[in-house]
>>> print(open('structure.txt').read())   # compact mmCIF, C-alpha atoms and all ligand atoms
# COMPACT_ATOMS: atom_id res chain seq x y z
CA MET A 1 0.00 0.00 0.00
CA THR A 2 1.83 3.05 -1.22
CA THR A 3 1.40 6.67 -0.33
CA ALA A 4 0.96 7.30 -4.08
CA ALA A 5 -2.15 5.08 -4.11
CA MET A 6 -3.52 6.98 -1.11
CA THR A 7 -3.34 10.22 -3.06
CA THR A 8 -4.97 8.94 -6.28
CA ALA A 9 -7.95 7.08 -4.75
CA ALA A 10 -10.97 9.19 -3.76
CA ILE A 11 -10.99 7.40 -0.39
CA ALA A 12 -8.11 5.30 0.91
CA ALA A 13 -7.79 3.44 4.21
CA ARG A 14 -4.64 1.79 5.53
CA GLY A 15 -4.50 -0.44 8.59
CA LEU A 16 -7.59 1.25 10.00
CA VAL A 17 -8.41 0.20 13.57
CA LYS A 18 -10.93 1.57 16.08
CA ARG A 19 -11.09 0.26 19.62
CA TYR A 20 -13.69 1.44 22.13
CA ARG A 21 -12.24 0.16 25.42
CA ALA A 22 -12.83 -3.61 25.21
CA THR A 23 -14.70 -3.44 21.87
CA LEU A 24 -12.76 -3.79 18.66
CA ALA A 25 -15.19 -1.96 16.33
CA VAL A 26 -12.86 -1.98 13.29
CA GLY A 27 -10.02 -4.45 13.36
CA GLY A 28 -7.52 -3.30 10.71
CA ILE A 29 -8.92 -2.68 7.24
CA ASP A 30 -7.44 -1.48 3.96
CA PHE A 31 -9.24 -0.28 0.86
CA ASP A 32 -9.02 2.15 -2.04
CA ILE A 33 -12.20 3.60 -3.53
CA ALA A 34 -11.86 4.90 -7.06
CA ALA A 35 -13.13 8.37 -7.97
CA GLY A 36 -16.59 8.26 -9.53
CA SER A 37 -17.46 4.80 -8.19
CA VAL A 38 -20.40 3.79 -6.01
CA THR A 39 -19.37 1.30 -3.33
CA GLY A 40 -21.66 -0.51 -0.92
CA LEU A 41 -20.50 -1.26 2.61
CA LEU A 42 -22.41 -4.32 3.81
CA GLY A 43 -22.35 -6.18 7.07
CA GLY A 44 -24.59 -7.26 9.93
CA ASN A 45 -25.38 -5.13 12.98
CA GLY A 46 -22.17 -4.16 14.73
CA ALA A 47 -19.93 -5.12 11.79
CA GLY A 48 -18.17 -1.73 11.91
CA LYS A 49 -19.75 0.13 8.98
CA THR A 50 -20.79 3.31 10.80
CA THR A 51 -17.47 3.47 12.65
CA THR A 52 -15.63 3.17 9.32
CA ILE A 53 -17.70 5.98 7.79
CA ALA A 54 -17.19 8.14 10.89
CA MET A 55 -13.41 7.65 10.60
CA ILE A 56 -13.54 8.58 6.89
CA MET A 57 -15.40 11.76 7.83
CA GLY A 58 -12.80 12.55 10.48
CA LEU A 59 -15.52 12.41 13.18
CA VAL A 60 -13.95 9.45 14.98
CA ARG A 61 -10.20 9.27 15.45
CA PRO A 62 -8.71 5.92 14.42
CA THR A 63 -6.88 4.02 17.15
CA GLU A 64 -4.39 2.98 14.46
CA GLY A 65 -4.02 3.50 10.74
CA ARG A 66 -4.83 6.26 8.30
CA VAL A 67 -7.63 7.50 6.06
CA ALA A 68 -7.19 9.85 3.13
CA VAL A 69 -10.01 11.55 1.22
CA LEU A 70 -9.22 13.21 -2.11
CA GLY A 71 -5.57 12.87 -1.17
CA ALA A 72 -5.85 14.60 2.23
CA ASP A 73 -4.95 12.73 5.41
CA MET A 74 -8.07 13.11 7.56
CA ALA A 75 -6.07 13.20 10.79
CA HIS A 76 -4.07 16.30 9.85
CA GLU A 77 -5.43 17.91 6.68
CA ARG A 78 -9.19 17.47 6.71
CA HIS A 79 -9.73 21.23 6.44
CA ARG A 80 -8.44 20.87 2.85
CA VAL A 81 -11.27 18.57 1.76
CA LEU A 82 -14.26 18.81 4.13
CA HIS A 83 -15.93 21.32 1.80
CA ARG A 84 -15.70 18.76 -1.04
CA MET A 85 -17.45 15.96 0.86
CA ASN A 86 -20.72 15.41 2.70
CA PHE A 87 -22.67 12.85 4.67
CA GLU A 88 -26.22 11.63 5.14
CA SER A 89 -27.72 9.42 7.80
CA PRO A 90 -31.34 9.27 8.99
CA TYR A 91 -29.93 8.87 12.50
CA VAL A 92 -28.45 12.37 12.53
CA ASP A 93 -31.17 14.90 13.25
CA MET A 94 -31.32 18.58 12.33
CA PRO A 95 -32.39 21.27 14.80
CA HIS A 96 -36.14 20.68 15.23
CA ARG A 97 -37.32 24.26 15.63
CA LEU A 98 -35.59 25.62 12.57
CA THR A 99 -37.51 25.42 9.33
CA VAL A 100 -36.22 23.41 6.40
CA GLN A 101 -35.14 26.65 4.69
CA GLN A 102 -33.31 27.84 7.83
CA ASN A 103 -31.55 24.52 8.33
CA LEU A 104 -30.43 24.35 4.72
CA SER A 105 -29.25 27.98 4.88
CA VAL A 106 -27.13 27.23 7.95
CA PHE A 107 -25.46 24.26 6.24
CA ALA A 108 -25.02 26.18 2.98
CA ARG A 109 -23.20 28.94 4.86
CA LEU A 110 -21.09 26.44 6.80
CA TYR A 111 -19.98 24.98 3.49
CA GLY A 112 -19.37 28.39 1.94
CA VAL A 113 -21.94 27.93 -0.85
CA ALA A 114 -21.72 30.98 -3.12
CA ASP A 115 -25.41 31.63 -3.92
CA VAL A 116 -27.37 30.12 -1.03
CA ALA A 117 -30.87 31.02 -2.29
CA ALA A 118 -30.21 29.61 -5.77
CA ARG A 119 -28.72 26.40 -4.38
CA ILE A 120 -31.65 25.81 -2.01
CA GLY A 121 -34.09 26.61 -4.82
CA ARG A 122 -32.43 24.07 -7.11
CA LEU A 123 -32.40 21.35 -4.43
CA ALA A 124 -36.00 22.11 -3.45
CA ALA A 125 -37.04 21.58 -7.06
CA ASP A 126 -34.96 18.39 -7.48
CA LEU A 127 -36.05 16.85 -4.17
CA ASP A 128 -39.66 18.04 -4.13
CA LEU A 129 -39.19 20.27 -1.07
CA ASP A 130 -40.99 23.40 -2.23
CA GLY A 131 -43.99 22.78 0.03
CA LEU A 132 -41.77 22.03 3.03
CA LEU A 133 -39.34 24.94 3.14
CA ASP A 134 -41.30 26.86 5.78
CA ARG A 135 -42.06 23.83 7.97
CA PRO A 136 -40.04 23.18 11.17
CA CYS A 137 -37.82 20.11 10.70
CA GLY A 138 -39.19 18.55 13.91
CA LYS A 139 -42.66 18.30 12.37
CA LEU A 140 -41.73 16.34 9.25
CA SER A 141 -42.48 12.68 8.50
CA ALA A 142 -39.59 10.21 8.13
CA GLY A 143 -39.79 10.38 4.32
CA GLN A 144 -39.84 14.19 4.34
CA LYS A 145 -36.90 14.27 6.78
CA THR A 146 -34.94 11.99 4.47
CA ARG A 147 -35.52 14.31 1.52
CA VAL A 148 -34.32 17.26 3.62
CA ALA A 149 -31.31 15.24 4.86
CA LEU A 150 -30.43 14.47 1.24
CA ALA A 151 -30.72 18.16 0.34
CA LYS A 152 -28.37 18.94 3.23
CA ALA A 153 -25.96 16.25 2.00
CA LEU A 154 -25.95 17.70 -1.53
CA ILE A 155 -25.88 21.37 -0.49
CA ASN A 156 -22.18 21.77 -1.39
CA ASP A 157 -22.37 19.63 -4.56
CA PRO A 158 -19.96 17.14 -2.93
CA GLU A 159 -17.44 15.08 -4.88
CA VAL A 160 -17.43 12.47 -2.10
CA LEU A 161 -20.71 11.46 -0.50
CA LEU A 162 -20.94 9.10 2.47
CA LEU A 163 -24.36 7.59 3.08
CA ASP A 164 -25.27 5.59 6.20
CA GLU A 165 -28.49 3.68 5.49
CA PRO A 166 -30.01 6.54 3.48
CA THR A 167 -33.38 4.83 3.00
CA ALA A 168 -33.83 3.23 6.43
CA SER A 169 -37.45 3.36 7.65
CA LEU A 170 -38.84 4.61 4.33
CA ASP A 171 -41.71 2.97 2.48
CA PRO A 172 -40.64 1.15 -0.73
CA ASP A 173 -41.98 3.88 -3.02
CA THR A 174 -40.23 6.74 -1.18
CA ALA A 175 -37.03 4.68 -0.87
CA ASP A 176 -37.11 4.02 -4.62
CA TRP A 177 -37.59 7.73 -5.29
CA ILE A 178 -34.58 8.59 -3.09
CA ARG A 179 -32.43 6.00 -4.92
CA SER A 180 -33.41 7.54 -8.26
CA ARG A 181 -32.36 10.98 -7.01
CA LEU A 182 -29.02 9.53 -5.87
CA GLN A 183 -28.51 7.91 -9.28
CA ASP A 184 -29.31 11.23 -10.98
CA TYR A 185 -26.77 12.96 -8.76
CA CYS A 186 -24.06 10.37 -9.49
CA ARG A 187 -24.60 10.63 -13.23
CA ARG A 188 -24.58 14.42 -13.22
CA ARG A 189 -21.72 14.97 -10.77
CA GLY A 190 -19.60 11.85 -11.28
CA ALA A 191 -19.41 11.74 -7.48
CA THR A 192 -17.75 9.03 -5.41
CA ILE A 193 -20.26 7.39 -3.11
CA LEU A 194 -19.76 5.03 -0.18
CA LEU A 195 -23.06 3.62 0.97
CA ALA A 196 -23.66 1.56 4.12
CA SER A 197 -26.94 -0.27 3.75
CA HIS A 198 -28.95 -3.25 4.94
CA ASN A 199 -31.05 -3.11 1.80
CA MET A 200 -29.57 -5.55 -0.69
CA GLY A 201 -31.81 -4.42 -3.56
CA GLU A 202 -30.54 -0.89 -3.02
CA VAL A 203 -26.94 -2.06 -3.13
CA GLU A 204 -27.50 -4.16 -6.27
CA ARG A 205 -29.14 -1.23 -7.98
CA LEU A 206 -26.70 1.52 -7.03
CA CYS A 207 -23.31 -0.04 -6.41
CA ASP A 208 -20.57 -1.15 -8.77
CA ARG A 209 -18.58 -2.66 -5.92
CA VAL A 210 -19.44 -4.20 -2.57
CA ILE A 211 -17.22 -4.36 0.51
CA MET A 212 -18.51 -6.90 3.02
CA MET A 213 -17.61 -6.45 6.70
CA LYS A 214 -17.94 -8.83 9.59
CA GLY A 215 -16.59 -8.40 13.11
CA GLY A 216 -14.73 -5.23 12.14
CA LEU A 217 -12.90 -6.85 9.22
CA ILE A 218 -13.37 -6.92 5.45
CA VAL A 219 -14.36 -10.46 4.56
CA ASP A 220 -15.09 -9.94 0.86
CA ASP A 221 -14.78 -7.19 -1.72
CA ASP A 222 -15.91 -7.43 -5.34
CA THR A 223 -18.44 -6.36 -7.96
CA PRO A 224 -22.03 -7.60 -7.41
CA PRO A 225 -21.94 -9.93 -10.48
CA ARG A 226 -18.65 -11.50 -9.38
CA LEU A 227 -19.92 -11.97 -5.81
CA LEU A 228 -23.08 -13.68 -7.11
CA ALA A 229 -21.01 -15.95 -9.35
CA ARG A 230 -18.46 -16.80 -6.66
CA TYR A 231 -21.06 -17.66 -4.01
CA GLY A 232 -23.27 -19.39 -6.59
CA ARG A 233 -26.21 -17.18 -5.62
CA SER A 234 -28.88 -15.28 -7.55
CA ASN A 235 -29.03 -12.19 -5.33
CA LEU A 236 -26.94 -10.25 -2.81
CA GLU A 237 -29.27 -11.09 0.08
CA GLU A 238 -28.24 -14.76 -0.23
CA VAL A 239 -24.57 -13.75 -0.43
CA PHE A 240 -25.04 -11.59 2.67
CA LEU A 241 -26.54 -14.55 4.56
CA ASP A 242 -23.68 -16.80 3.46
CA VAL A 243 -21.16 -14.28 4.76
CA ALA A 244 -23.09 -13.59 7.99
CA ARG A 245 -23.39 -17.33 8.72
CA GLY A 246 -19.76 -18.04 7.91
CA ARG A 247 -20.40 -19.99 4.70
CA GLY A 248 -17.59 -19.38 2.23
CA ALA A 249 -17.89 -18.63 -1.45
CA ALA A 250 -18.81 -21.67 -3.57
CA GLY A 251 -15.54 -21.30 -5.47
CA ALA A 252 -13.55 -21.08 -2.24
CA GLU A 253 -15.20 -24.24 -0.83
CA ALA A 254 -14.41 -26.02 -4.05
CA GLY A 255 -10.83 -24.91 -3.66
CA ALA A 256 -11.00 -22.51 -6.60
N1 LIG B 1 -19.23 5.20 20.66
C1 LIG B 1 -19.08 3.89 20.87
N2 LIG B 1 -18.68 3.43 22.08
C2 LIG B 1 -18.51 2.10 22.30
N3 LIG B 1 -18.72 1.14 21.37
C3 LIG B 1 -19.14 1.55 20.16
C4 LIG B 1 -19.35 2.92 19.84
N4 LIG B 1 -19.76 3.00 18.54
C5 LIG B 1 -19.81 1.75 18.09
N5 LIG B 1 -19.44 0.86 19.06
C6 LIG B 1 -19.35 -0.60 18.92
O1 LIG B 1 -18.54 -0.86 17.79
C7 LIG B 1 -19.05 -1.97 17.07
C8 LIG B 1 -19.31 -1.55 15.61
O2 LIG B 1 -20.40 -0.62 15.60
P1 LIG B 1 -20.88 0.13 14.28
O3 LIG B 1 -21.93 1.09 14.69
O4 LIG B 1 -19.71 0.64 13.56
O5 LIG B 1 -21.50 -1.10 13.45
P2 LIG B 1 -22.47 -1.07 12.18
O6 LIG B 1 -21.90 -2.08 11.22
O7 LIG B 1 -22.66 0.30 11.67
O8 LIG B 1 -23.80 -1.64 12.82
P3 LIG B 1 -25.35 -1.36 12.45
O9 LIG B 1 -25.63 -2.07 11.17
O10 LIG B 1 -26.07 -1.99 13.61
O11 LIG B 1 -25.56 0.13 12.36
C9 LIG B 1 -20.28 -2.46 17.80
O12 LIG B 1 -19.92 -3.52 18.64
C10 LIG B 1 -20.70 -1.23 18.61
O13 LIG B 1 -21.37 -1.62 19.79
>>> encode(input="structure.txt", output="structure tokens", more="lines below")
Ligand SMILES: Nc1ncnc2c1ncn2[C@@H]1O[C@H](COP(=O)(O)OP(=O)(O)OP(=O)(O)O)[C@@H](O)[C@H]1O
Amino acid sequence: MTTAAMTTAAIAARGLVKRYRATLAVGGIDFDIAAGSVTGLLGGNGAGKTTTIAMIMGLVRPTEGRVAVLGADMAHERHRVLHRMNFESPYVDMPHRLTVQQNLSVFARLYGVADVAARIGRLAADLDLDGLLDRPCGKLSAGQKTRVALAKALINDPEVLLLDEPTASLDPDTADWIRSRLQDYCRRRGATILLASHNMGEVERLCDRVIMMKGGLIVDDDTPPRLLARYGRSNLEEVFLDVARGRGAAGAEAGA
């Protein structure tokens, strides 16, 4: 793993470890994520996905190892790239009493967006928020909150977007709508996306690569078609169950 590779990948992790007292949340992982790719981060509850994303964002300090985003070491140089990345999770709330417009304005200013009104107007049109801009965020439904959270995540037109279960708790129609908006964004922006999800259909639809985690380690890493072929399965849910239950890939069992 060279320093050169860490500067060319959109996201690069080397020997990444996070220990919380007795808990080894992430046990030493390495990966490079190519610019413009959409990568799924899969794993059961407690596998280490959120901790990995938090370390990439620079929100959690690794116990060991390094993460670089767009060539900047997140331990020492994150100020160089934070304005080029963003994050969405339904588990991170926005101030309840502020309206959608006020919340988005705060984030736009934090990110130094040049024309705040135009940017919010564009996102409101794209994400169907026009009727919500004057509503307090605390009074929105889960689906409405997700649309606002996505607007917040796209406010700075990020090159690197980290998504932690972006469609959790949404009905299938709303979740599908959100995925379409994410696909539109990827196509338009050529953004790099890392997506932690428990929804295998979502991962099959959006991702060109899947990193599978278990017990804080990467246990598999490939394109969806190659994973399906290797495990001899017809969908990623079956592959996920094989990994979660410790069943190896069909090829590996056969000694391939
Ligand atoms: N702040 C913390 N303090 C102590 N332990 C933590 C903390 N955050 C996470 N952990 C532990 O680290 C491990 C990995 O958690 P993490 O949230 O990264 O998993 P995850 O793959 O995102 O799980 P899920 O799918 O349930 O969201 C778990 O055992 C969890 O209990």
>>> closest_atom_pairs(input="structure.txt", of="chain A", to="ligand LIG 1 (chain B)", cutoff="7 Å", atoms="all atoms listed in the file", output="Markdown table")
| residue | atom | partner | partner_atom | distance |
| --- | --- | --- | --- | --- |
| A:Tyr20 | CA | B:LIG1 | C2 | 4.9 |
| A:Thr23 | CA | B:LIG1 | N3 | 6.1 |
| A:Leu24 | CA | B:LIG1 | O1 | 6.5 |
| A:Ala25 | CA | B:LIG1 | O1 | 3.8 |
| A:Val26 | CA | B:LIG1 | C8 | 6.9 |
| A:Gly43 | CA | B:LIG1 | O6 | 5.9 |
| A:Gly44 | CA | B:LIG1 | O9 | 5.4 |
| A:Asn45 | CA | B:LIG1 | O10 | 3.3 |
| A:Gly46 | CA | B:LIG1 | O5 | 3.4 |
| A:Ala47 | CA | B:LIG1 | O6 | 3.7 |
| A:Gly48 | CA | B:LIG1 | O4 | 3.3 |
| A:Lys49 | CA | B:LIG1 | O6 | 3.8 |
| A:Thr50 | CA | B:LIG1 | O7 | 3.6 |
| A:Thr51 | CA | B:LIG1 | O4 | 3.7 |
| A:Thr52 | CA | B:LIG1 | O4 | 6.4 |
| A:Gly216 | CA | B:LIG1 | C8 | 6.8 |
>>> closest_residue(input="structure.txt", among="A:Pro158, A:Arg209, A:Glu165, A:Val239", to="Arg188 (chain A)", atoms="only C-alpha atoms")
A:Pro158
>>> closest_residue(input="structure.txt", among="A:Arg189, A:Arg80, A:Lys152, A:Lys139", to="Phe107 (chain A)", atoms="only C-alpha atoms")
A:Lys152
>>> closest_residue(input="structure.txt", among="A:Leu217, A:Ile193, A:Ala229, A:Ile211", to="Leu163 (chain A)", atoms="all atoms listed in the file")
A:Ile193
>>> closest_atom_pairs(input="structure.txt", of="region 80-123 of chain A", to="region 169-179 of chain A", cutoff="12 Å", atoms="all atoms listed in the file", output="Markdown table")
| residue | atom | partner | partner_atom | distance |
| --- | --- | --- | --- | --- |
| A:Ser89 | CA | A:Ser169 | CA | 11.5 |
| A:Pro90 | CA | A:Ser169 | CA | 8.6 |
| A:Tyr91 | CA | A:Ser169 | CA | 10.5 |
>>> atom_distance(input="structure.txt", atom1="CA of Ala114 (chain A)", atom2="CA of Thr8 (chain A)")
27.9 Å
>>> closest_residue(input="structure.txt", among="A:Ala75, A:Leu41, A:Val69, A:Met55", to="Ile11 (chain A)", atoms="all atoms listed in the file")
A:Val69
>>> closest_residue(input="structure.txt", among="A:Ala34, A:Ala22, A:Ala54, A:Ile120", to="Ile155 (chain A)", atoms="only C-alpha atoms")
A:Ile120
>>> residues_around(input="structure.txt", residues="Glu204 (chain A)", least_positions_apart="4", cutoff="10 Å", atoms="all atoms listed in the file", output="PyMOL selection string")
chain A and resi 40+199-200+208-210+223-225+235-237
>>> write_last_selection(input="structure.txt", atoms="C-alpha atoms", output="mmCIF file, in the coordinates of the input")
data_model
loop_
_atom_site.group_PDB
_atom_site.id
_atom_site.type_symbol
_atom_site.label_atom_id
_atom_site.label_comp_id
_atom_site.auth_asym_id
_atom_site.auth_seq_id
_atom_site.Cartn_x
_atom_site.Cartn_y
_atom_site.Cartn_z
ATOM 1 C CA GLY A 40 -21.660 -0.510 -0.920
ATOM 2 C CA ASN A 199 -31.050 -3.110 1.800
ATOM 3 C CA MET A 200 -29.570 -5.550 -0.690
ATOM 4 C CA ASP A 208 -20.570 -1.150 -8.770
ATOM 5 C CA ARG A 209 -18.580 -2.660 -5.920
ATOM 6 C CA VAL A 210 -19.440 -4.200 -2.570
ATOM 7 C CA THR A 223 -18.440 -6.360 -7.960
ATOM 8 C CA PRO A 224 -22.030 -7.600 -7.410
ATOM 9 C CA PRO A 225 -21.940 -9.930 -10.480
ATOM 10 C CA ASN A 235 -29.030 -12.190 -5.330
ATOM 11 C CA LEU A 236 -26.940 -10.250 -2.810
ATOM 12 C CA GLU A 237 -29.270 -11.090 0.080
#
>>> closest_residue(input="structure.txt", among="A:Leu241, A:Val106, A:Leu227, A:Ala68", to="Leu82 (chain A)", atoms="all atoms listed in the file")
A:Ala68
>>> atom_distance(input="structure.txt", atom1="CA of Glu159 (chain A)", atom2="CA of Leu182 (chain A)")
12.9 Å
>>> atom_distance(input="structure.txt", atom1="CA of Ser141 (chain A)", atom2="CA of Ser180 (chain A)")
19.7 Å
>>> closest_atom_pairs(input="structure.txt", of="region 4-41 of chain A", to="region 63-67 of chain A", cutoff="8 Å", atoms="all atoms listed in the file", output="tab-separated table")
residue	atom	partner	partner_atom	distance
A:Ile11	CA	A:Val67	CA	7.3
A:Ala12	CA	A:Val67	CA	5.6
A:Ala13	CA	A:Val67	CA	4.5
A:Arg14	CA	A:Arg66	CA	5.3
A:Gly15	CA	A:Gly65	CA	4.5
A:Leu16	CA	A:Gly65	CA	4.3
A:Val17	CA	A:Glu64	CA	5.0
A:Lys18	CA	A:Thr63	CA	4.9
A:Arg19	CA	A:Thr63	CA	6.2
A:Gly28	CA	A:Gly65	CA	7.6
>>> residues_around(input="structure.txt", residues="region 121-130 of chain A", least_positions_apart="4", cutoff="12 Å", atoms="all atoms listed in the file", output="mmCIF file with C-alpha atoms, in the coordinates of the input")
data_model
loop_
_atom_site.group_PDB
_atom_site.id
_atom_site.type_symbol
_atom_site.label_atom_id
_atom_site.label_comp_id
_atom_site.auth_asym_id
_atom_site.auth_seq_id
_atom_site.Cartn_x
_atom_site.Cartn_y
_atom_site.Cartn_z
ATOM 1 C CA THR A 99 -37.510 25.420 9.330
ATOM 2 C CA VAL A 100 -36.220 23.410 6.400
ATOM 3 C CA GLN A 101 -35.140 26.650 4.690
ATOM 4 C CA LEU A 104 -30.430 24.350 4.720
ATOM 5 C CA SER A 105 -29.250 27.980 4.880
ATOM 6 C CA ALA A 108 -25.020 26.180 2.980
ATOM 7 C CA ASP A 115 -25.410 31.630 -3.920
ATOM 8 C CA VAL A 116 -27.370 30.120 -1.030
ATOM 9 C CA ALA A 117 -30.870 31.020 -2.290
ATOM 10 C CA ASP A 134 -41.300 26.860 5.780
ATOM 11 C CA ARG A 135 -42.060 23.830 7.970
ATOM 12 C CA CYS A 137 -37.820 20.110 10.700
ATOM 13 C CA LEU A 140 -41.730 16.340 9.250
ATOM 14 C CA GLY A 143 -39.790 10.380 4.320
ATOM 15 C CA GLN A 144 -39.840 14.190 4.340
ATOM 16 C CA LYS A 145 -36.900 14.270 6.780
ATOM 17 C CA THR A 146 -34.940 11.990 4.470
ATOM 18 C CA ARG A 147 -35.520 14.310 1.520
ATOM 19 C CA VAL A 148 -34.320 17.260 3.620
ATOM 20 C CA ALA A 149 -31.310 15.240 4.860
ATOM 21 C CA LEU A 150 -30.430 14.470 1.240
ATOM 22 C CA ALA A 151 -30.720 18.160 0.340
ATOM 23 C CA LYS A 152 -28.370 18.940 3.230
ATOM 24 C CA ALA A 153 -25.960 16.250 2.000
ATOM 25 C CA LEU A 154 -25.950 17.700 -1.530
ATOM 26 C CA ILE A 155 -25.880 21.370 -0.490
ATOM 27 C CA ASN A 156 -22.180 21.770 -1.390
ATOM 28 C CA ASP A 157 -22.370 19.630 -4.560
ATOM 29 C CA THR A 174 -40.230 6.740 -1.180
ATOM 30 C CA TRP A 177 -37.590 7.730 -5.290
ATOM 31 C CA ILE A 178 -34.580 8.590 -3.090
ATOM 32 C CA ARG A 179 -32.430 6.000 -4.920
ATOM 33 C CA SER A 180 -33.410 7.540 -8.260
ATOM 34 C CA ARG A 181 -32.360 10.980 -7.010
ATOM 35 C CA LEU A 182 -29.020 9.530 -5.870
ATOM 36 C CA ASP A 184 -29.310 11.230 -10.980
ATOM 37 C CA TYR A 185 -26.770 12.960 -8.760
#
